[in-house]
Amino acid sequence: MPSRRELVRRLAVGVAAATAVAAGAVAWSSTLLGEYSVMDMGAGHGAPVDHAGHGGSGSGASAASGTVGATGAVSVTSLTADPDRPADVRVELTARQETVDVPGGRAIEGYTVNGTSPGPTIRARQGDLVEVVFVNESVAAGATLHWHGLDLPNAADGVAGVTQDAVPVGGSYVYRFVAEDAGTYWYHSHQVSHEQVVGGLLGAVVIEPAEPPAANLATDLDVTALLHVYGGQHTLNGRADDEHVAAAPGETVRVRVINTDQGTAPVWSDEPFRVLAIDGHDVNEPSDVDGRKLLIPAGGRADVAVRAPDHGAVGLHVGGARRVLVGDPAADVPPAPQATETLDLLAYGEPAPLGFDPASADRTYDYVIGRRFGLLDGRPGNFWTINGRLFPDVPMFHVTEGDVVVMRIVNQSGDVHPMHLHGHHVVVVSRDGVAASGSPWWVDSLDVHPGESYQIAFVADNPGIWSDHCHTLPHAVDGLVAHVMYDGVTTPFTINGAAGNQPE
């Protein structure tokens with residue numbers, strides 16, 4: 001028989017082990033997200049903090065906590081376009097979970113909009129009020145539509161659990177917004193996005209300018225080049241093939257390149273081309289790009305002008321695997337080797353007024369991306385951090401309408417992150433301390449490479465609660481999501497609740 005001392009020792013070891021297991025269980029359960037609201041997010045669960053990390057200099061921590069009360073608060077549901085204004089463009093889009101036909105390739109199981117993927121291109125004129133009736137016929141997890149790059153009212157932003165509930169099977173939702181800015185945009189689901197976007201629940205949006213473009217931005221023809229990978233198949237406008245554009249010698253073609261994939265898309269040609277617009281904003285005084293490639297971030301867009309040659313055709317490589325061939329459709333155009341030098345948009349084009357002064361910022365914030373091991377929703381892994389914190393204890397960037405906001409995005413991880421702020425375009429002020437010297441570089445999707453630091457700025461002129469996340473969608477699943485919240489705005493929607501909202 002064990003001695004009394006041995007029995008006491010064994011009991012102590014057992015108690016210690018049980019205590020450790022219980023403590024581990026408590027620690028594990030504390031990472032389970034359950035149902036939550038973005039109103040409770042933020043370091044310290046929404047308490048006012050200095051997110052900037054500059055000793056308070058210019059950071060202006062909000063006087064309101066992340067849990068803004070109902071008194072005097074404005075709900076995201078009230079931030080809409082004029083309800084009495086009739087629509088200029090009205091579209092019905094129906095989402096289905098079904099087999100996607102890939103012409104030139106093999107079919108995959110994914111998602112369609114009105115029976116195809118990509119879905120129909122929505123076209124409107126600058127200033128039009130666009131009304132889209134979205135119907136979910138068979139997407140089991142629910143779905144939404146987010147209007148990527150369009151600066152529209154918050155209620156139309158399409159983020160499940162933040163601006164609306166996911167639309168269930170048999171349900172519908174009406175999106176209404178004024179197309180304020182001409183340019184190239186796209187729509188996609190913002191519910192279980194890492195599956196639904198990859199699976200094809202998306203389409204293009206083209207907003208024509210209200211006035212004719214400047215002479216150096218005008219083109220003879222206009223085509224869309226939407227890039228997407230379906231089950232490993234690189235496609236252009238849904239086809240696993242090149243696109244031929246018949247153009248007479250000397251005619252110029254605007255190619256609207258939309259990168260809907262998870263990585264950067266290179267664009268190059270063996271003939272000079274011009275970059276007319278980035279993310280829907282015109283480049284001021286663009287010049288010929290010769291012997292260099294343009295890199296388009298995941299989610300980003302670029303309008304590129306290509307001139308048809310006197311004989312044959314010219315090939316514009318888009319995304320590496322596909323080409324837009326401009327000129328004689330019967331011409332045989334050999335592929336051009338990818339350019340090794342990259343066009344630096346920090347210095348492309350000519351300077352122009354911004355309309356505000358980033359040097360007189362009302363708010364300054366840091367958005368530092370890192371990575372560390374931890375638990376996220378009970379899952380162990382090597383997760384992304386923002387300012388050293390794991391989701392959901394990431395910063396909530398508070399702003400007041402009218403603020404000039406400057407944000408420093410720093411990538412301390414080993415991956416490229418295409419950062420996307422909803423509801424706003426930002427201007428690049430500097431990269432790694434080097435000031436922008438070309439045309440104002442306005443973006444809504446910005447690749448931040450490992451070790452890089454960007455300073456960006458914007459005017460807080462669109463009230464709401466806006467996602468600010470990485471558009472490599474699996475990164476968003478693993479916590480690379482924060483929000484810009486206007487003081488006094490609240491949301492009634494929750495994530496992981498009965499509505500099944502999973503915005504990631």
# chains A, B, ... in the order shown; residues from 1 in each chain; ligands from 1
>>> select_by_dssp(residues="stretch 207-341 of chain A", states="strand (DSSP E)", output="ChimeraX atom specification")
/A:207-208,221-230,233-236,243-246,252-259,265-269,273-278,281-282,288-289,292-296,301-307,313-318,322-327,341
>>> residues_around(residues="A:Pro297", least_positions_apart="4", cutoff="7 Å", atoms="only C-alpha atoms", output="tab-separated table (two decimals) with N, CA, C and O atoms, in the first residue's frame")
chain	number	residue	atom	x	y	z
A	263	GLY	N	-4.60	36.94	-55.36
A	263	GLY	CA	-3.22	37.39	-55.46
A	263	GLY	C	-3.09	38.54	-56.44
A	263	GLY	O	-4.05	38.93	-57.12
A	264	THR	N	-1.89	39.09	-56.54
A	264	THR	CA	-1.61	40.22	-57.41
A	264	THR	C	-1.61	39.79	-58.88
A	264	THR	O	-1.09	38.72	-59.22
A	265	ALA	N	-2.19	40.60	-59.74
A	265	ALA	CA	-2.26	40.32	-61.17
A	265	ALA	C	-1.31	41.23	-61.94
A	265	ALA	O	-1.50	42.45	-61.92
A	418	PRO	N	-3.31	42.85	-49.67
A	418	PRO	CA	-4.06	43.87	-50.40
A	418	PRO	C	-5.12	44.47	-49.48
A	418	PRO	O	-6.18	43.89	-49.26
A	445	SER	N	-7.92	49.55	-52.88
A	445	SER	CA	-7.24	48.27	-52.67
A	445	SER	C	-5.75	48.51	-52.89
A	445	SER	O	-5.34	48.90	-53.98
A	446	LEU	N	-4.95	48.27	-51.86
A	446	LEU	CA	-3.53	48.64	-51.88
A	446	LEU	C	-2.67	47.46	-51.42
A	446	LEU	O	-2.81	46.99	-50.29
A	447	ASP	N	-1.79	46.99	-52.30
A	447	ASP	CA	-0.85	45.94	-51.91
A	447	ASP	C	0.23	46.51	-51.00
A	447	ASP	O	0.93	47.46	-51.37
>>> select_by_dssp(residues="stretch 179-267 of chain A", states="helix (DSSP H, G or I)", output="ChimeraX atom specification")
/A:193-196,215-217
>>> write_last_selection(atoms="N, CA, C and O atoms", output="CSV table (one decimal), in the first residue's frame")
chain,number,residue,atom,x,y,z
A,193,SER,N,-17.2,34.9,-47.5
A,193,SER,CA,-16.6,35.4,-48.8
A,193,SER,C,-15.5,34.5,-49.3
A,193,SER,O,-15.3,34.4,-50.5
A,194,HIS,N,-14.7,33.8,-48.4
A,194,HIS,CA,-13.6,33.0,-48.9
A,194,HIS,C,-14.1,31.8,-49.7
A,194,HIS,O,-13.3,31.2,-50.5
A,195,GLU,N,-15.4,31.5,-49.6
A,195,GLU,CA,-16.0,30.4,-50.4
A,195,GLU,C,-16.8,31.0,-51.6
A,195,GLU,O,-16.6,30.5,-52.7
A,196,GLN,N,-17.6,31.9,-51.2
A,196,GLN,CA,-18.6,32.4,-52.2
A,196,GLN,C,-17.9,33.2,-53.3
A,196,GLN,O,-18.3,33.1,-54.5
A,215,ALA,N,-9.1,64.6,-73.4
A,215,ALA,CA,-8.6,64.1,-74.7
A,215,ALA,C,-7.5,63.0,-74.5
A,215,ALA,O,-7.5,61.9,-75.2
A,216,ASN,N,-6.7,63.1,-73.5
A,216,ASN,CA,-5.6,62.1,-73.2
A,216,ASN,C,-6.1,60.9,-72.5
A,216,ASN,O,-5.4,60.0,-72.3
A,217,LEU,N,-7.4,60.9,-72.1
A,217,LEU,CA,-8.0,59.7,-71.5
A,217,LEU,C,-9.1,59.1,-72.4
A,217,LEU,O,-9.7,58.0,-72.0
>>> residues_around(residues="A:Leu325", least_positions_apart="3", cutoff="7 Å", atoms="only C-alpha atoms", output="mmCIF file with N, CA and C atoms, in the first residue's frame")
data_model
loop_
_atom_site.group_PDB
_atom_site.id
_atom_site.type_symbol
_atom_site.label_atom_id
_atom_site.label_comp_id
_atom_site.auth_asym_id
_atom_site.auth_seq_id
_atom_site.Cartn_x
_atom_site.Cartn_y
_atom_site.Cartn_z
ATOM 1 N N GLU A 243 -9.098 36.866 -75.033
ATOM 2 C CA GLU A 243 -10.181 37.680 -75.589
ATOM 3 C C GLU A 243 -9.649 38.448 -76.796
ATOM 4 N N HIS A 244 -10.403 38.410 -77.920
ATOM 5 C CA HIS A 244 -10.012 39.136 -79.124
ATOM 6 C C HIS A 244 -10.893 40.367 -79.279
ATOM 7 N N VAL A 245 -10.276 41.509 -79.490
ATOM 8 C CA VAL A 245 -10.996 42.763 -79.685
ATOM 9 C C VAL A 245 -10.637 43.299 -81.065
ATOM 10 N N ALA A 313 -1.955 42.432 -84.548
ATOM 11 C CA ALA A 313 -2.598 42.742 -83.273
ATOM 12 C C ALA A 313 -1.537 42.827 -82.188
ATOM 13 N N VAL A 314 -1.909 43.426 -81.080
ATOM 14 C CA VAL A 314 -1.035 43.515 -79.918
ATOM 15 C C VAL A 314 -1.685 42.773 -78.774
ATOM 16 N N GLY A 315 -0.872 42.077 -78.009
ATOM 17 C CA GLY A 315 -1.395 41.303 -76.888
ATOM 18 C C GLY A 315 -1.120 41.988 -75.557
ATOM 19 N N LEU A 316 -2.184 42.261 -74.799
ATOM 20 C CA LEU A 316 -2.041 42.786 -73.443
ATOM 21 C C LEU A 316 -2.216 41.612 -72.490
#
>>> residues_around(residues="A:Glu271", least_positions_apart="6", cutoff="10 Å", atoms="only C-alpha atoms", output="list in words")
Asp288, Val289, Asp290, Gly291, Val306, Arg307, Ala308, Pro309, Val314, Gly315, Leu316 and Ala336 of chain A
>>> closest_residue(among="A:Glu452, A:Asp165, A:Glu92, A:Asp222", to="A:Val416", atoms="only C-alpha atoms")
A:Glu452
>>> residues_around(residues="stretch 344-349 of chain A", least_positions_apart="3", cutoff="10 Å", atoms="only C-alpha atoms", output="PyMOL selection string")
chain A and resi 275-276+278+283-289+292-295+341+352+428-431+434-441
>>> closest_residue(among="A:Asn136, A:Ser413, A:Thr219, A:Thr364", to="A:Trp384", atoms="only C-alpha atoms")
A:Ser413
>>> residues_around(residues="stretch 97-101 of chain A", least_positions_apart="3", cutoff="10 Å", atoms="only C-alpha atoms", output="PyMOL selection string")
chain A and resi 104-113+115-118+136-141+196+199-201+230+238-239
>>> write_last_selection(atoms="N, CA and C atoms", output="PDB file, in the first residue's frame")
ATOM      1  N   GLY A 104     -14.160  26.566 -72.391  1.00  0.00           N
ATOM      2  CA  GLY A 104     -12.741  26.361 -72.627  1.00  0.00           C
ATOM      3  C   GLY A 104     -12.060  25.583 -71.524  1.00  0.00           C
ATOM      4  N   GLY A 105     -12.794  25.299 -70.450  1.00  0.00           N
ATOM      5  CA  GLY A 105     -12.241  24.546 -69.327  1.00  0.00           C
ATOM      6  C   GLY A 105     -13.258  23.552 -68.813  1.00  0.00           C
ATOM      7  N   ARG A 106     -13.141  23.188 -67.547  1.00  0.00           N
ATOM      8  CA  ARG A 106     -14.062  22.222 -66.949  1.00  0.00           C
ATOM      9  C   ARG A 106     -14.999  22.931 -65.984  1.00  0.00           C
ATOM     10  N   ALA A 107     -16.192  22.390 -65.829  1.00  0.00           N
ATOM     11  CA  ALA A 107     -17.170  22.953 -64.907  1.00  0.00           C
ATOM     12  C   ALA A 107     -16.739  22.701 -63.460  1.00  0.00           C
ATOM     13  N   ILE A 108     -17.169  23.593 -62.565  1.00  0.00           N
ATOM     14  CA  ILE A 108     -16.881  23.436 -61.137  1.00  0.00           C
ATOM     15  C   ILE A 108     -18.176  23.634 -60.361  1.00  0.00           C
ATOM     16  N   GLU A 109     -18.176  23.197 -59.111  1.00  0.00           N
ATOM     17  CA  GLU A 109     -19.295  23.484 -58.224  1.00  0.00           C
ATOM     18  C   GLU A 109     -19.036  24.816 -57.548  1.00  0.00           C
ATOM     19  N   GLY A 110     -19.944  25.762 -57.735  1.00  0.00           N
ATOM     20  CA  GLY A 110     -19.730  27.089 -57.173  1.00  0.00           C
ATOM     21  C   GLY A 110     -21.013  27.877 -57.100  1.00  0.00           C
ATOM     22  N   TYR A 111     -20.966  29.114 -57.575  1.00  0.00           N
ATOM     23  CA  TYR A 111     -22.095  30.035 -57.424  1.00  0.00           C
ATOM     24  C   TYR A 111     -22.277  30.820 -58.721  1.00  0.00           C
ATOM     25  N   THR A 112     -23.521  31.130 -59.037  1.00  0.00           N
ATOM     26  CA  THR A 112     -23.812  31.932 -60.224  1.00  0.00           C
ATOM     27  C   THR A 112     -24.694  33.112 -59.852  1.00  0.00           C
ATOM     28  N   VAL A 113     -24.698  34.111 -60.724  1.00  0.00           N
ATOM     29  CA  VAL A 113     -25.608  35.250 -60.615  1.00  0.00           C
ATOM     30  C   VAL A 113     -26.365  35.321 -61.941  1.00  0.00           C
ATOM     31  N   GLY A 115     -27.552  32.883 -63.402  1.00  0.00           N
ATOM     32  CA  GLY A 115     -27.206  31.686 -64.158  1.00  0.00           C
ATOM     33  C   GLY A 115     -25.812  31.628 -64.706  1.00  0.00           C
ATOM     34  N   THR A 116     -25.001  32.672 -64.507  1.00  0.00           N
ATOM     35  CA  THR A 116     -23.642  32.672 -65.031  1.00  0.00           C
ATOM     36  C   THR A 116     -22.668  33.163 -63.974  1.00  0.00           C
ATOM     37  N   SER A 117     -21.412  32.885 -64.214  1.00  0.00           N
ATOM     38  CA  SER A 117     -20.344  33.492 -63.428  1.00  0.00           C
ATOM     39  C   SER A 117     -19.205  33.818 -64.384  1.00  0.00           C
ATOM     40  N   PRO A 118     -18.741  35.069 -64.407  1.00  0.00           N
ATOM     41  CA  PRO A 118     -19.267  36.214 -63.660  1.00  0.00           C
ATOM     42  C   PRO A 118     -20.730  36.487 -63.993  1.00  0.00           C
ATOM     43  N   ASN A 136     -31.812  35.537 -53.244  1.00  0.00           N
ATOM     44  CA  ASN A 136     -31.054  34.319 -52.979  1.00  0.00           C
ATOM     45  C   ASN A 136     -31.960  33.126 -53.252  1.00  0.00           C
ATOM     46  N   GLU A 137     -31.712  32.466 -54.368  1.00  0.00           N
ATOM     47  CA  GLU A 137     -32.546  31.318 -54.724  1.00  0.00           C
ATOM     48  C   GLU A 137     -32.094  30.041 -54.037  1.00  0.00           C
ATOM     49  N   SER A 138     -30.755  29.857 -53.893  1.00  0.00           N
ATOM     50  CA  SER A 138     -30.326  28.552 -53.372  1.00  0.00           C
ATOM     51  C   SER A 138     -28.975  28.550 -52.680  1.00  0.00           C
ATOM     52  N   VAL A 139     -28.439  29.705 -52.284  1.00  0.00           N
ATOM     53  CA  VAL A 139     -27.146  29.739 -51.589  1.00  0.00           C
ATOM     54  C   VAL A 139     -27.396  29.407 -50.122  1.00  0.00           C
ATOM     55  N   ALA A 140     -27.019  28.202 -49.725  1.00  0.00           N
ATOM     56  CA  ALA A 140     -27.436  27.654 -48.440  1.00  0.00           C
ATOM     57  C   ALA A 140     -26.995  28.483 -47.245  1.00  0.00           C
ATOM     58  N   ALA A 141     -25.785  29.050 -47.287  1.00  0.00           N
ATOM     59  CA  ALA A 141     -25.256  29.800 -46.150  1.00  0.00           C
ATOM     60  C   ALA A 141     -25.758  31.229 -46.088  1.00  0.00           C
ATOM     61  N   GLN A 196     -17.649  31.935 -51.237  1.00  0.00           N
ATOM     62  CA  GLN A 196     -18.601  32.399 -52.248  1.00  0.00           C
ATOM     63  C   GLN A 196     -17.937  33.244 -53.333  1.00  0.00           C
ATOM     64  N   GLY A 199     -15.843  30.930 -55.369  1.00  0.00           N
ATOM     65  CA  GLY A 199     -16.734  30.090 -56.154  1.00  0.00           C
ATOM     66  C   GLY A 199     -17.499  30.808 -57.242  1.00  0.00           C
ATOM     67  N   GLY A 200     -17.365  32.144 -57.343  1.00  0.00           N
ATOM     68  CA  GLY A 200     -17.914  32.841 -58.495  1.00  0.00           C
ATOM     69  C   GLY A 200     -19.097  33.747 -58.274  1.00  0.00           C
ATOM     70  N   LEU A 201     -19.449  34.074 -57.008  1.00  0.00           N
ATOM     71  CA  LEU A 201     -20.591  34.959 -56.761  1.00  0.00           C
ATOM     72  C   LEU A 201     -20.111  36.406 -56.889  1.00  0.00           C
ATOM     73  N   TYR A 230     -11.179  29.707 -61.423  1.00  0.00           N
ATOM     74  CA  TYR A 230     -12.200  28.732 -61.050  1.00  0.00           C
ATOM     75  C   TYR A 230     -11.541  27.358 -60.942  1.00  0.00           C
ATOM     76  N   GLY A 238     -14.798  34.905 -67.524  1.00  0.00           N
ATOM     77  CA  GLY A 238     -15.434  33.610 -67.320  1.00  0.00           C
ATOM     78  C   GLY A 238     -14.999  32.521 -68.269  1.00  0.00           C
ATOM     79  N   ARG A 239     -14.118  32.818 -69.203  1.00  0.00           N
ATOM     80  CA  ARG A 239     -13.667  31.830 -70.183  1.00  0.00           C
ATOM     81  C   ARG A 239     -12.191  31.509 -69.968  1.00  0.00           C
TER      82      ARG A 239
END
>>> closest_residue(among="A:Phe383, A:Tyr185, A:Phe134, A:Tyr365", to="A:Gly280", atoms="only C-alpha atoms")
A:Tyr185
>>> residues_around(residues="A:Trp147", least_positions_apart="4", cutoff="8 Å", atoms="only C-alpha atoms", output="list in words")
Asp157, Gly158, Tyr185, Trp186, Tyr187 and His188 of chain A
>>> closest_residue(among="A:Leu150, A:Val477, A:Ser453, A:Thr340", to="A:Gln502", atoms="only C-alpha atoms")
A:Val477
>>> atom_distance(atom1="atom CA of A:Thr491", atom2="atom CA of A:Val405")
22.5 Å
>>> atom_distance(atom1="atom CA of A:Asp128", atom2="atom CA of A:Val404")
27.9 Å
>>> atom_distance(atom1="atom CA of A:His228", atom2="atom CA of A:Asp478")
22.2 Å
>>> closest_residue(among="A:Met419, A:Ala156, A:Val133, A:Ala214", to="A:Thr77", atoms="only C-alpha atoms")
A:Ala156
